[in-house]
file structure-v3.csv (CSV, C-alpha atoms and all ligand atoms)
chain,number,residue,atom,x,y,z
N,1,MET,CA,-69.4,57.2,-13.0
N,2,THR,CA,-65.9,58.0,-11.7
N,3,ILE,CA,-64.5,61.4,-10.9
N,4,LEU,CA,-61.1,61.7,-12.5
N,5,SER,CA,-58.3,64.1,-11.7
N,6,ASN,CA,-55.9,66.2,-13.8
N,7,ILE,CA,-57.6,65.3,-17.1
N,8,SER,CA,-56.5,67.1,-20.4
N,9,LEU,CA,-59.5,68.8,-22.0
N,10,LYS,CA,-57.9,68.7,-25.4
N,11,PRO,CA,-60.2,65.9,-26.8
N,12,TYR,CA,-63.2,67.7,-25.4
N,13,ASN,CA,-63.0,71.1,-27.1
N,14,THR,CA,-63.0,71.5,-30.9
N,15,PHE,CA,-60.3,74.3,-30.6
N,16,GLY,CA,-58.1,71.5,-29.3
N,17,ILE,CA,-56.7,73.6,-26.5
N,18,ASP,CA,-54.7,71.6,-24.0
N,19,VAL,CA,-55.8,72.8,-20.6
N,20,LYS,CA,-56.4,70.6,-17.6
N,21,ALA,CA,-59.5,69.9,-15.6
N,22,LYS,CA,-58.6,69.5,-11.9
N,23,HIS,CA,-61.6,67.1,-11.6
N,24,PHE,CA,-63.7,65.6,-14.4
N,25,VAL,CA,-66.7,63.3,-14.7
N,26,SER,CA,-68.9,62.1,-17.5
N,27,VAL,CA,-72.6,61.7,-16.8
N,28,LYS,CA,-74.8,59.3,-18.8
N,29,SER,CA,-78.2,60.1,-17.3
N,30,ILE,CA,-80.1,62.9,-15.5
N,31,GLU,CA,-80.0,60.8,-12.3
N,32,GLU,CA,-76.1,60.7,-12.5
N,33,LEU,CA,-76.1,64.5,-13.2
N,34,LYS,CA,-78.3,65.2,-10.2
N,35,SER,CA,-76.2,63.1,-7.9
N,36,ILE,CA,-73.0,64.9,-9.0
N,37,LEU,CA,-74.6,68.3,-8.6
N,38,LYS,CA,-75.5,67.4,-5.0
N,39,LEU,CA,-71.8,66.8,-4.1
N,40,LYS,CA,-70.8,69.4,-1.5
N,41,GLN,CA,-67.0,68.8,-1.9
N,42,TYR,CA,-67.1,70.4,-5.4
N,43,PRO,CA,-68.9,73.8,-4.9
N,44,GLU,CA,-68.0,75.0,-8.4
N,45,LYS,CA,-69.2,73.0,-11.4
N,46,PHE,CA,-68.4,73.6,-15.1
N,47,ILE,CA,-70.8,72.0,-17.6
N,48,LEU,CA,-69.2,70.7,-20.8
N,49,GLY,CA,-71.2,69.7,-23.9
N,50,GLY,CA,-69.6,69.2,-27.3
N,51,GLY,CA,-67.0,71.9,-26.5
N,52,SER,CA,-67.6,73.4,-29.9
N,53,ASN,CA,-68.3,77.0,-28.9
N,54,MET,CA,-65.6,77.8,-26.4
N,55,LEU,CA,-62.1,79.0,-26.1
N,56,LEU,CA,-60.3,77.6,-23.1
N,57,THR,CA,-57.6,80.0,-21.8
N,58,LYS,CA,-56.8,78.4,-18.4
N,59,ASP,CA,-57.0,75.2,-16.4
N,60,ILE,CA,-60.4,74.6,-14.9
N,61,GLU,CA,-60.5,74.4,-11.1
N,62,ALA,CA,-64.2,73.6,-11.0
N,63,LEU,CA,-65.5,70.0,-11.3
N,64,VAL,CA,-66.0,69.6,-15.1
N,65,ILE,CA,-69.2,67.7,-15.8
N,66,HIS,CA,-69.3,66.2,-19.3
N,67,ILE,CA,-72.9,65.7,-20.5
N,68,ASP,CA,-73.0,62.4,-22.2
N,69,PHE,CA,-76.7,61.5,-22.3
N,70,LYS,CA,-77.6,59.5,-25.5
N,71,GLY,CA,-80.9,58.6,-27.2
N,72,ILE,CA,-83.2,59.8,-30.0
N,73,GLU,CA,-86.9,58.9,-30.0
N,74,ILE,CA,-90.0,59.5,-32.0
N,75,LEU,CA,-92.6,61.2,-29.8
N,76,SER,CA,-95.6,61.6,-32.1
N,77,LYS,CA,-96.5,61.7,-35.8
N,78,ASP,CA,-99.3,63.3,-37.7
N,79,LYS,CA,-100.1,63.6,-41.4
N,80,ASN,CA,-97.0,65.4,-42.5
N,81,THR,CA,-94.9,66.0,-39.4
N,82,VAL,CA,-93.1,64.1,-36.7
N,83,ASN,CA,-91.9,65.2,-33.2
N,84,ILE,CA,-88.6,63.8,-32.2
N,85,ARG,CA,-86.7,64.1,-28.9
N,86,ALA,CA,-82.9,63.9,-28.8
N,87,SER,CA,-80.8,63.7,-25.7
N,88,ALA,CA,-78.3,66.5,-25.0
N,89,GLY,CA,-75.1,64.4,-25.4
N,90,GLU,CA,-76.0,63.3,-29.0
N,91,ASN,CA,-73.6,64.7,-31.6
N,92,TRP,CA,-75.6,67.3,-33.7
N,93,HIS,CA,-74.4,66.0,-37.1
N,94,ASP,CA,-75.2,62.4,-36.1
N,95,LEU,CA,-78.8,63.6,-35.4
N,96,VAL,CA,-78.9,65.2,-38.8
N,97,LEU,CA,-77.8,62.0,-40.4
N,98,TRP,CA,-80.3,59.9,-38.4
N,99,CYS,CA,-83.1,62.3,-39.6
N,100,LEU,CA,-82.0,61.8,-43.2
N,101,THR,CA,-82.1,58.0,-42.9
N,102,GLN,CA,-85.7,58.4,-41.6
N,103,ASP,CA,-86.5,60.9,-44.3
N,104,PHE,CA,-87.4,63.6,-41.7
N,105,GLY,CA,-86.8,67.1,-43.1
N,106,GLY,CA,-86.0,70.4,-41.6
N,107,ILE,CA,-82.4,70.3,-40.3
N,108,GLU,CA,-80.6,69.2,-43.5
N,109,ASN,CA,-79.2,72.8,-44.0
N,110,LEU,CA,-77.6,72.4,-40.5
N,111,SER,CA,-75.4,69.5,-41.6
N,112,LEU,CA,-71.9,69.2,-40.2
N,113,ILE,CA,-72.3,71.9,-37.5
N,114,PRO,CA,-69.9,70.7,-34.8
N,115,GLY,CA,-71.1,70.3,-31.2
N,116,ASN,CA,-73.8,68.5,-29.4
N,117,VAL,CA,-77.6,68.6,-29.3
N,118,GLY,CA,-77.8,70.1,-25.8
N,119,THR,CA,-75.8,73.2,-26.8
N,120,ALA,CA,-77.7,73.8,-30.1
N,121,PRO,CA,-80.5,75.9,-28.5
N,122,ILE,CA,-78.1,78.0,-26.4
N,123,GLN,CA,-76.8,79.9,-29.5
N,124,ASN,CA,-79.7,79.0,-31.8
N,125,ILE,CA,-77.3,77.4,-34.3
N,126,GLY,CA,-77.9,78.4,-37.9
N,127,ALA,CA,-76.5,78.1,-41.3
N,128,TYR,CA,-77.5,78.4,-45.0
N,129,GLY,CA,-80.9,80.1,-44.4
N,130,VAL,CA,-82.1,77.9,-41.5
N,131,GLU,CA,-81.9,78.3,-37.7
N,132,LEU,CA,-82.7,75.8,-35.0
N,133,LYS,CA,-85.7,77.9,-34.0
N,134,ASP,CA,-87.4,77.1,-37.3
N,135,VAL,CA,-87.9,73.4,-36.2
N,136,PHE,CA,-87.7,73.8,-32.4
N,137,VAL,CA,-90.7,72.8,-30.2
N,138,GLU,CA,-89.2,72.7,-26.7
N,139,CYS,CA,-86.3,71.6,-24.6
N,140,GLN,CA,-86.0,70.1,-21.1
N,141,ALA,CA,-83.5,71.6,-18.7
N,142,LEU,CA,-82.4,70.8,-15.2
N,143,HIS,CA,-82.1,73.7,-12.8
N,144,ALA,CA,-78.6,73.4,-11.3
N,145,ASN,CA,-79.6,74.5,-7.8
N,146,SER,CA,-83.1,73.2,-7.3
N,147,LEU,CA,-82.5,70.0,-9.5
N,148,LYS,CA,-85.9,70.4,-10.9
N,149,ILE,CA,-86.6,69.8,-14.6
N,150,LYS,CA,-88.3,72.6,-16.5
N,151,THR,CA,-89.7,72.7,-20.0
N,152,PHE,CA,-88.8,75.7,-22.2
N,153,THR,CA,-91.1,76.2,-25.2
N,154,LYS,CA,-89.8,77.9,-28.3
N,155,LYS,CA,-91.4,81.2,-27.0
N,156,ASP,CA,-89.7,80.8,-23.6
N,157,CYS,CA,-86.3,80.4,-25.3
N,158,ASN,CA,-86.4,84.0,-26.8
N,159,PHE,CA,-84.4,82.9,-29.8
N,160,ASP,CA,-82.6,85.5,-31.8
N,161,TYR,CA,-79.5,85.5,-34.2
N,162,ARG,CA,-77.0,83.3,-32.3
N,163,ASN,CA,-78.8,84.0,-29.1
N,164,SER,CA,-81.3,82.7,-26.6
N,165,ILE,CA,-82.5,83.1,-23.0
N,166,PHE,CA,-79.8,80.5,-22.0
N,167,LYS,CA,-77.1,83.0,-23.1
N,168,LYS,CA,-78.8,86.0,-21.4
N,169,ASP,CA,-81.3,86.2,-18.6
N,170,ILE,CA,-80.7,82.7,-17.1
N,171,LYS,CA,-77.1,82.1,-18.2
N,172,GLY,CA,-75.5,79.2,-16.4
N,173,GLU,CA,-78.6,78.4,-14.3
N,174,TYR,CA,-79.9,75.5,-16.4
N,175,ILE,CA,-78.4,72.4,-18.0
N,176,ILE,CA,-80.3,71.4,-21.2
N,177,THR,CA,-81.0,67.6,-21.1
N,178,SER,CA,-83.0,67.1,-24.3
N,179,ILE,CA,-84.6,68.9,-27.2
N,180,THR,CA,-87.8,68.3,-29.2
N,181,LEU,CA,-88.0,69.1,-32.8
N,182,ASN,CA,-90.9,69.2,-35.3
N,183,LEU,CA,-89.8,67.8,-38.7
N,184,THR,CA,-91.6,67.1,-42.0
N,185,THR,CA,-92.1,63.5,-43.1
N,186,LYS,CA,-93.7,63.8,-46.6
N,187,ILE,CA,-93.8,67.2,-48.1
N,188,HIS,CA,-90.5,68.8,-47.1
N,189,LYS,CA,-90.0,72.6,-47.0
N,190,LEU,CA,-86.7,72.8,-48.8
N,191,LYS,CA,-84.6,75.9,-48.2
N,192,THR,CA,-82.3,76.3,-51.3
N,193,SER,CA,-82.4,80.0,-51.8
N,194,TYR,CA,-79.0,80.6,-50.1
N,195,GLY,CA,-76.7,81.5,-53.0
N,196,ALA,CA,-74.0,78.9,-52.3
N,197,ILE,CA,-76.6,76.0,-52.1
N,198,THR,CA,-78.1,77.0,-55.4
N,199,GLU,CA,-74.7,77.0,-57.0
N,200,GLU,CA,-73.7,73.7,-55.5
N,201,LEU,CA,-76.9,72.0,-56.6
N,202,ASN,CA,-76.4,73.3,-60.1
N,203,LYS,CA,-72.8,71.9,-60.0
N,204,MET,CA,-74.2,68.6,-58.9
N,205,ASN,CA,-76.7,68.9,-61.8
N,206,ILE,CA,-79.7,68.4,-59.4
N,207,LYS,CA,-83.0,70.1,-60.4
N,208,ASN,CA,-85.4,68.6,-57.9
N,209,PRO,CA,-83.3,68.1,-54.7
N,210,THR,CA,-84.1,65.8,-51.9
N,211,ILE,CA,-83.2,66.6,-48.3
N,212,LYS,CA,-80.2,64.3,-48.7
N,213,ASP,CA,-79.1,66.3,-51.7
N,214,ILE,CA,-79.3,69.5,-49.7
N,215,SER,CA,-77.3,67.9,-46.9
N,216,ASN,CA,-74.7,66.8,-49.4
N,217,ALA,CA,-74.5,70.3,-50.9
N,218,VAL,CA,-74.1,71.9,-47.5
N,219,ILE,CA,-71.4,69.3,-46.5
N,220,THR,CA,-69.5,70.1,-49.7
N,221,ILE,CA,-69.7,73.9,-49.1
N,222,ARG,CA,-68.7,73.6,-45.5
N,223,GLU,CA,-65.8,71.3,-46.2
N,224,SER,CA,-64.5,73.7,-48.9
N,225,LYS,CA,-64.6,76.8,-46.6
N,226,LEU,CA,-64.5,75.7,-43.0
N,227,PRO,CA,-61.6,73.8,-41.4
N,228,ASN,CA,-62.4,70.3,-40.0
N,229,PRO,CA,-61.9,70.6,-36.2
N,230,LYS,CA,-60.5,67.1,-36.2
N,231,LEU,CA,-57.6,68.3,-38.4
N,232,ILE,CA,-57.3,72.0,-37.4
N,233,GLY,CA,-58.7,73.2,-34.1
N,234,ASN,CA,-61.4,75.9,-34.4
N,235,SER,CA,-64.8,76.9,-33.1
N,236,GLY,CA,-66.5,77.9,-36.3
N,237,SER,CA,-67.3,81.6,-36.6
N,238,PHE,CA,-65.4,83.4,-33.8
N,239,PHE,CA,-67.4,86.6,-34.2
N,240,LYS,CA,-71.0,87.4,-34.9
N,241,ASN,CA,-71.9,89.3,-38.1
N,242,PRO,CA,-72.5,92.9,-36.8
N,243,ILE,CA,-75.7,94.7,-37.3
N,244,ILE,CA,-75.4,98.5,-37.9
N,245,THR,CA,-77.7,101.4,-38.6
N,246,LYS,CA,-78.4,102.5,-42.1
N,247,SER,CA,-76.8,105.9,-41.6
N,248,HIS,CA,-73.6,104.2,-40.3
N,249,PHE,CA,-73.7,102.0,-43.4
N,250,ASN,CA,-74.1,105.0,-45.7
N,251,THR,CA,-71.1,106.6,-44.2
N,252,LEU,CA,-69.0,103.4,-44.6
N,253,LYS,CA,-70.1,103.2,-48.2
N,254,ILE,CA,-68.3,106.4,-49.0
N,255,ASN,CA,-64.9,104.9,-48.2
N,256,PHE,CA,-65.7,101.3,-48.9
N,257,PRO,CA,-68.1,101.2,-51.8
N,258,GLU,CA,-67.8,97.4,-52.2
N,259,ILE,CA,-68.8,96.6,-48.6
N,260,PRO,CA,-71.4,93.7,-48.7
N,261,SER,CA,-74.6,94.0,-46.7
N,262,TYR,CA,-77.9,92.4,-46.0
N,263,LEU,CA,-81.0,94.3,-45.0
N,264,VAL,CA,-82.3,93.1,-41.6
N,265,SER,CA,-85.1,95.6,-41.1
N,266,GLU,CA,-85.9,99.2,-42.2
N,267,ASN,CA,-83.0,100.8,-40.3
N,268,LYS,CA,-80.7,97.8,-39.6
N,269,ILE,CA,-78.1,96.3,-41.9
N,270,LYS,CA,-76.0,93.2,-41.3
N,271,ILE,CA,-72.4,93.2,-42.5
N,272,PRO,CA,-70.4,90.0,-43.0
N,273,ALA,CA,-67.7,90.2,-40.4
N,274,GLY,CA,-65.6,87.9,-42.6
N,275,TRP,CA,-65.4,90.7,-45.2
N,276,LEU,CA,-64.3,93.3,-42.6
N,277,ILE,CA,-61.6,91.0,-41.3
N,278,GLU,CA,-60.4,90.0,-44.7
N,279,HIS,CA,-60.4,93.7,-45.8
N,280,LEU,CA,-58.0,94.5,-42.9
N,281,GLY,CA,-55.5,91.8,-44.2
N,282,PHE,CA,-56.0,89.3,-41.5
N,283,LYS,CA,-57.4,86.5,-43.6
N,284,GLY,CA,-54.9,83.5,-43.8
N,285,LYS,CA,-52.5,85.3,-41.4
N,286,ARG,CA,-50.5,82.9,-39.3
N,287,PHE,CA,-48.9,83.7,-36.0
N,288,GLY,CA,-46.8,80.6,-35.3
N,289,ASN,CA,-49.2,77.9,-34.2
N,290,TYR,CA,-52.5,79.9,-34.5
N,291,GLY,CA,-54.1,82.4,-36.9
N,292,VAL,CA,-57.0,83.3,-39.1
N,293,HIS,CA,-58.3,80.6,-41.5
N,294,GLU,CA,-57.2,81.1,-45.1
N,295,LYS,CA,-60.6,80.4,-46.6
N,296,GLN,CA,-63.0,82.0,-44.1
N,297,ALA,CA,-61.8,85.1,-42.2
N,298,LEU,CA,-64.4,84.7,-39.4
N,299,VAL,CA,-62.7,81.5,-38.2
N,300,LEU,CA,-59.7,81.6,-35.9
N,301,VAL,CA,-57.6,78.4,-35.9
N,302,ASN,CA,-55.3,76.5,-33.7
N,303,TYR,CA,-52.7,74.8,-36.0
N,304,ASP,CA,-50.9,73.0,-33.2
N,305,ASP,CA,-50.9,73.3,-29.5
N,306,ALA,CA,-51.6,77.0,-29.4
N,307,GLU,CA,-52.5,78.7,-26.1
N,308,GLY,CA,-56.1,79.8,-25.8
N,309,ASP,CA,-54.9,83.2,-24.5
N,310,ASP,CA,-52.9,83.8,-27.6
N,311,ILE,CA,-56.0,83.2,-29.8
N,312,PHE,CA,-58.0,85.5,-27.4
N,313,LYS,CA,-55.4,88.2,-27.8
N,314,LEU,CA,-55.6,87.9,-31.6
N,315,SER,CA,-59.3,88.2,-31.4
N,316,GLN,CA,-58.9,91.4,-29.4
N,317,LEU,CA,-56.5,92.8,-32.0
N,318,ILE,CA,-59.0,92.1,-34.7
N,319,GLN,CA,-61.8,93.7,-32.7
N,320,SER,CA,-59.8,96.9,-32.0
N,321,THR,CA,-58.7,97.2,-35.7
N,322,VAL,CA,-62.3,96.7,-36.9
N,323,LYS,CA,-63.4,99.4,-34.4
N,324,ARG,CA,-60.7,101.8,-35.5
N,325,ILE,CA,-61.2,101.4,-39.3
N,326,PHE,CA,-65.0,100.8,-39.5
N,327,ASN,CA,-66.2,102.1,-36.1
N,328,ILE,CA,-68.0,98.7,-35.7
N,329,ASN,CA,-68.0,96.7,-32.5
N,330,LEU,CA,-67.4,93.0,-33.4
N,331,GLU,CA,-69.0,90.8,-30.8
N,332,ILE,CA,-67.3,87.5,-30.0
N,333,GLU,CA,-69.6,84.5,-30.6
N,334,VAL,CA,-67.5,81.9,-28.8
N,335,ASN,CA,-67.5,81.7,-24.9
N,336,ILE,CA,-64.1,82.7,-23.5
N,337,ILE,CA,-63.3,80.6,-20.5
N,401,LIG,N1,-66.8,87.1,-46.5
N,401,LIG,C1,-65.6,87.6,-46.9
N,401,LIG,N2,-64.4,87.0,-46.5
N,401,LIG,C2,-64.4,85.9,-45.8
N,401,LIG,C3,-65.6,85.3,-45.4
N,401,LIG,C4,-66.8,85.9,-45.8
N,401,LIG,O1,-65.5,88.6,-47.6
N,401,LIG,O2,-63.3,85.4,-45.5
N,401,LIG,C5,-68.0,87.7,-46.9
N,401,LIG,C6,-68.4,87.5,-48.4
N,401,LIG,O3,-69.0,88.7,-48.9
N,401,LIG,C7,-69.4,86.4,-48.3
N,401,LIG,C8,-70.1,86.7,-47.0
N,401,LIG,O4,-69.1,87.2,-46.2
N,401,LIG,O5,-70.3,86.4,-49.4
N,401,LIG,C9,-70.9,85.6,-46.3
N,401,LIG,O6,-69.9,84.5,-46.1
N,401,LIG,P1,-70.4,83.1,-45.7
N,401,LIG,O7,-71.5,82.6,-46.6
N,401,LIG,O8,-69.3,82.2,-45.5
N,401,LIG,O9,-71.2,83.3,-44.3
N,401,LIG,P2,-70.8,84.1,-43.0
N,401,LIG,O10,-71.7,85.2,-42.8
N,401,LIG,O11,-69.3,84.4,-43.0
N,401,LIG,C10,-72.4,82.8,-41.5
N,401,LIG,C11,-72.4,82.0,-40.2
N,401,LIG,C12,-71.8,80.6,-40.4
N,401,LIG,C13,-72.6,79.9,-41.4
N,401,LIG,C14,-72.7,80.7,-42.7
N,401,LIG,C15,-73.6,80.1,-43.8
N,401,LIG,C16,-72.3,83.7,-38.5
N,401,LIG,C17,-71.5,84.3,-37.4
N,401,LIG,N3,-71.7,82.8,-39.2
N,401,LIG,O12,-71.1,83.0,-41.9
N,401,LIG,O13,-71.9,79.9,-39.2
N,401,LIG,O14,-72.1,78.6,-41.7
N,401,LIG,O15,-73.2,82.1,-42.4
N,401,LIG,O16,-74.9,80.3,-43.4
N,401,LIG,O17,-73.5,84.1,-38.6
N,401,LIG,C18,-70.8,79.4,-37.1
N,401,LIG,O18,-71.7,80.0,-36.5
N,401,LIG,O19,-69.9,78.8,-36.5
N,401,LIG,C19,-70.8,79.3,-38.6
N,401,LIG,C20,-69.8,78.8,-39.3
call {"tool": "encode", "arguments": {"input": "structure-v3.csv", "output": "structure tokens", "more": "lines below"}}
Ligand code: EPU
result
Amino acid sequence: MTILSNISLKPYNTFGIDVKAKHFVSVKSIEELKSILKLKQYPEKFILGGGSNMLLTKDIEALVIHIDFKGIEILSKDKNTVNIRASAGENWHDLVLWCLTQDFGGIENLSLIPGNVGTAPIQNIGAYGVELKDVFVECQALHANSLKIKTFTKKDCNFDYRNSIFKKDIKGEYIITSITLNLTTKIHKLKTSYGAITEELNKMNIKNPTIKDISNAVITIRESKLPNPKLIGNSGSFFKNPIITKSHFNTLKINFPEIPSYLVSENKIKIPAGWLIEHLGFKGKRFGNYGVHEKQALVLVNYDDAEGDDIFKLSQLIQSTVKRIFNINLEIEVNII
């Protein structure tokens, strides 16, 4: 474990923004993490996981601690389920692939989501009708000040749409070290009702899909719509899908009769932010080396060495235009650093 100086963070964030860490260290175990957190000469610390949900707009003065714990283990099995524990530094998609090789079901719809296991609970990752919370049992986390490990059950985590206790009440206080998931081993609960999955399985001519088929369908859908961060820098959905009241929705319907919507509860309606942004003409717009993705308007992209601040300013322009035209507050999903 060596503390390095003046390290480019470009390989460590999926947006591919080239800012520098004044000091940088990779930690491979909880013990290493604890000893680094004790160092008095670096009062400020910045925890870095997979770097898939952040937009870096400036050099980092704090000591950057890259969480690189590895390991996946089977904790227990019963008739039809298994509990597995994965370390925070494992790549999320590698975990999905490992589960498929074991025929463990539950996270196949979450295939190809960028980022690491340790950050998955923070925003309760979700896609194609499944959220992490559906299979989540608990996670272990280290308190950054007391250096004590605490277990957070699913209930403790207060999961919500792209949200959890780690983003709200205790933001920045804990470092997630591992997560435990409960997965199926024999009778899988397949979630194929999401329109795009049904279509893709039909195209693949599959009537009785396995979890591997679903994963393949999701991978095909994602690859067709979402830019591969290894080729074009991005952080997935930049904004959350906004939830508005029914009366607000009815007013919008008058001027925008074709606006798509999903009923969330009696008085709450979710609107796809991608539609709002596309409707305003931003989809596929390129501003030099950054812009809005051509196939999914929710995704902002770095084509080549863009500045994080330029992308942030573009997001603000999108927010203010959406506010002016639709009177909707678009919330940014990505952490702006
Ligand atoms: N739409 C447009 N134009 C666009 C994009 C979307 O009009 O450019 C409208 C269409 O009406 C489309 C609808 O939005 O039918 C839904 O689009 P999509 O299925 O692509 O899903 P999304 O709501 O845009 C959410 C998640 C994605 C996740 C997909 C699939 C959020 C913020 N995003 O996107 O998650 O992959 O559903 O479940 O909830 C991520 O969080 O990084 C992410 C990619």
call {"tool": "residues_around", "arguments": {"input": "structure-v3.csv", "residues": "N:Pro11", "least_positions_apart": "6", "cutoff": "10 Å", "atoms": "all atoms listed in the file", "output": "number ranges by chain"}}
result
N: 17-18, 50-51, 230
call {"tool": "write_last_selection", "arguments": {"input": "structure-v3.csv", "atoms": "C-alpha atoms", "output": "tab-separated table (two decimals), in the frame of the given file"}}
result
chain	number	residue	atom	x	y	z
N	17	ILE	CA	-56.70	73.60	-26.50
N	18	ASP	CA	-54.70	71.60	-24.00
N	50	GLY	CA	-69.60	69.20	-27.30
N	51	GLY	CA	-67.00	71.90	-26.50
N	230	LYS	CA	-60.50	67.10	-36.20
call {"tool": "residues_near_ligand", "arguments": {"input": "structure-v3.csv", "ligand": "ligand LIG 401 (chain N)", "cutoff": "7 Å", "atoms": "all atoms listed in the file", "output": "VMD selection string"}}
result
chain N and resid 125 to 129 235 to 241 260 272 to 276 278 283 295 to 298
call {"tool": "atom_distance", "arguments": {"input": "structure-v3.csv", "atom1": "atom CA of N:Asp68", "atom2": "atom CA of N:Ile176"}}
result
11.6 Å
call {"tool": "residues_near_point", "arguments": {"input": "structure-v3.csv", "point": "(-87.9, 63.8, -43.0)", "cutoff": "8 Å", "atoms": "only C-alpha atoms", "output": "PyMOL selection string"}}
result
chain N and resi 99-100+102-106+183-186+188+211
call {"tool": "residues_near_point", "arguments": {"input": "structure-v3.csv", "point": "(-67.1, 101.2, -44.4)", "cutoff": "10 Å", "atoms": "all atoms listed in the file", "output": "list in words"}}
result
His248, Phe249, Asn250, Thr251, Leu252, Lys253, Ile254, Asn255, Phe256, Pro257, Glu258, Ile259, Pro260, Ile271, Leu276, Val322, Ile325, Phe326, Asn327 and Ile328 of chain N
call {"tool": "closest_residue", "arguments": {"input": "structure-v3.csv", "among": "N:Lys168, N:Lys22, N:Lys34, N:Lys189", "to": "N:Leu142", "atoms": "all atoms listed in the file"}}
result
N:Lys34
call {"tool": "atom_distance", "arguments": {"input": "structure-v3.csv", "atom1": "atom CA of N:Gly71", "atom2": "atom CA of N:Phe46"}}
result
23.0 Å
call {"tool": "closest_residue", "arguments": {"input": "structure-v3.csv", "among": "N:Val19, N:Ile269, N:Val334, N:Ala88", "to": "N:Ile67", "atoms": "only C-alpha atoms"}}
result
N:Ala88
call {"tool": "closest_residue", "arguments": {"input": "structure-v3.csv", "among": "N:Asn83, N:Thr119, N:Ser76, N:Thr198", "to": "N:Ser52", "atoms": "all atoms listed in the file"}}
result
N:Thr119
call {"tool": "closest_residue", "arguments": {"input": "structure-v3.csv", "among": "N:Phe24, N:Tyr303, N:Phe152, N:Tyr174", "to": "N:Pro229", "atoms": "only C-alpha atoms"}}
result
N:Tyr303
call {"tool": "atom_distance", "arguments": {"input": "structure-v3.csv", "atom1": "atom CA of N:Pro114", "atom2": "atom CA of N:His93"}}
result
6.9 Å
call {"tool": "closest_residue", "arguments": {"input": "structure-v3.csv", "among": "N:Leu33, N:Ile84, N:Leu132, N:Met204", "to": "N:Asn163", "atoms": "all atoms listed in the file"}}
result
N:Leu132
call {"tool": "closest_residue", "arguments": {"input": "structure-v3.csv", "among": "N:Arg85, N:His66, N:Lys148, N:Lys167", "to": "N:Phe136", "atoms": "all atoms listed in the file"}}
result
N:Arg85
call {"tool": "build_atoms", "arguments": {"input": "structure-v3.csv", "residues": "stretch 85-99 of chain N", "atoms": "N, CA and C atoms", "output": "PDB file, in the frame of the given file"}}
result
ATOM      1  N   ARG N  85     -87.449  63.554 -30.096  1.00  0.00           N
ATOM      2  CA  ARG N  85     -86.700  64.100 -28.900  1.00  0.00           C
ATOM      3  C   ARG N  85     -85.296  63.506 -28.973  1.00  0.00           C
ATOM      4  N   ALA N  86     -84.301  64.380 -28.826  1.00  0.00           N
ATOM      5  CA  ALA N  86     -82.900  63.900 -28.800  1.00  0.00           C
ATOM      6  C   ALA N  86     -82.248  64.352 -27.523  1.00  0.00           C
ATOM      7  N   SER N  87     -81.444  63.446 -26.972  1.00  0.00           N
ATOM      8  CA  SER N  87     -80.800  63.700 -25.700  1.00  0.00           C
ATOM      9  C   SER N  87     -79.576  64.669 -25.932  1.00  0.00           C
ATOM     10  N   ALA N  88     -79.261  65.418 -24.871  1.00  0.00           N
ATOM     11  CA  ALA N  88     -78.300  66.500 -25.000  1.00  0.00           C
ATOM     12  C   ALA N  88     -76.895  66.055 -25.444  1.00  0.00           C
ATOM     13  N   GLY N  89     -76.508  64.823 -25.096  1.00  0.00           N
ATOM     14  CA  GLY N  89     -75.100  64.400 -25.400  1.00  0.00           C
ATOM     15  C   GLY N  89     -74.981  63.824 -26.812  1.00  0.00           C
ATOM     16  N   GLU N  90     -76.083  63.747 -27.584  1.00  0.00           N
ATOM     17  CA  GLU N  90     -76.000  63.300 -29.000  1.00  0.00           C
ATOM     18  C   GLU N  90     -75.174  64.295 -29.785  1.00  0.00           C
ATOM     19  N   ASN N  91     -74.348  63.798 -30.696  1.00  0.00           N
ATOM     20  CA  ASN N  91     -73.600  64.700 -31.600  1.00  0.00           C
ATOM     21  C   ASN N  91     -74.639  65.305 -32.590  1.00  0.00           C
ATOM     22  N   TRP N  92     -74.555  66.621 -32.820  1.00  0.00           N
ATOM     23  CA  TRP N  92     -75.600  67.300 -33.700  1.00  0.00           C
ATOM     24  C   TRP N  92     -75.590  66.672 -35.075  1.00  0.00           C
ATOM     25  N   HIS N  93     -74.430  66.507 -35.686  1.00  0.00           N
ATOM     26  CA  HIS N  93     -74.400  66.000 -37.100  1.00  0.00           C
ATOM     27  C   HIS N  93     -74.943  64.569 -37.148  1.00  0.00           C
ATOM     28  N   ASP N  94     -74.671  63.767 -36.118  1.00  0.00           N
ATOM     29  CA  ASP N  94     -75.200  62.400 -36.100  1.00  0.00           C
ATOM     30  C   ASP N  94     -76.754  62.462 -36.089  1.00  0.00           C
ATOM     31  N   LEU N  95     -77.306  63.446 -35.379  1.00  0.00           N
ATOM     32  CA  LEU N  95     -78.800  63.600 -35.400  1.00  0.00           C
ATOM     33  C   LEU N  95     -79.273  63.947 -36.773  1.00  0.00           C
ATOM     34  N   VAL N  96     -78.545  64.859 -37.456  1.00  0.00           N
ATOM     35  CA  VAL N  96     -78.900  65.200 -38.800  1.00  0.00           C
ATOM     36  C   VAL N  96     -78.937  63.974 -39.701  1.00  0.00           C
ATOM     37  N   LEU N  97     -77.886  63.177 -39.592  1.00  0.00           N
ATOM     38  CA  LEU N  97     -77.800  62.000 -40.400  1.00  0.00           C
ATOM     39  C   LEU N  97     -78.895  60.974 -40.108  1.00  0.00           C
ATOM     40  N   TRP N  98     -79.212  60.835 -38.828  1.00  0.00           N
ATOM     41  CA  TRP N  98     -80.300  59.900 -38.400  1.00  0.00           C
ATOM     42  C   TRP N  98     -81.617  60.396 -39.062  1.00  0.00           C
ATOM     43  N   CYS N  99     -81.861  61.723 -39.021  1.00  0.00           N
ATOM     44  CA  CYS N  99     -83.100  62.300 -39.600  1.00  0.00           C
ATOM     45  C   CYS N  99     -83.141  61.974 -41.109  1.00  0.00           C
TER      46      CYS N  99
END
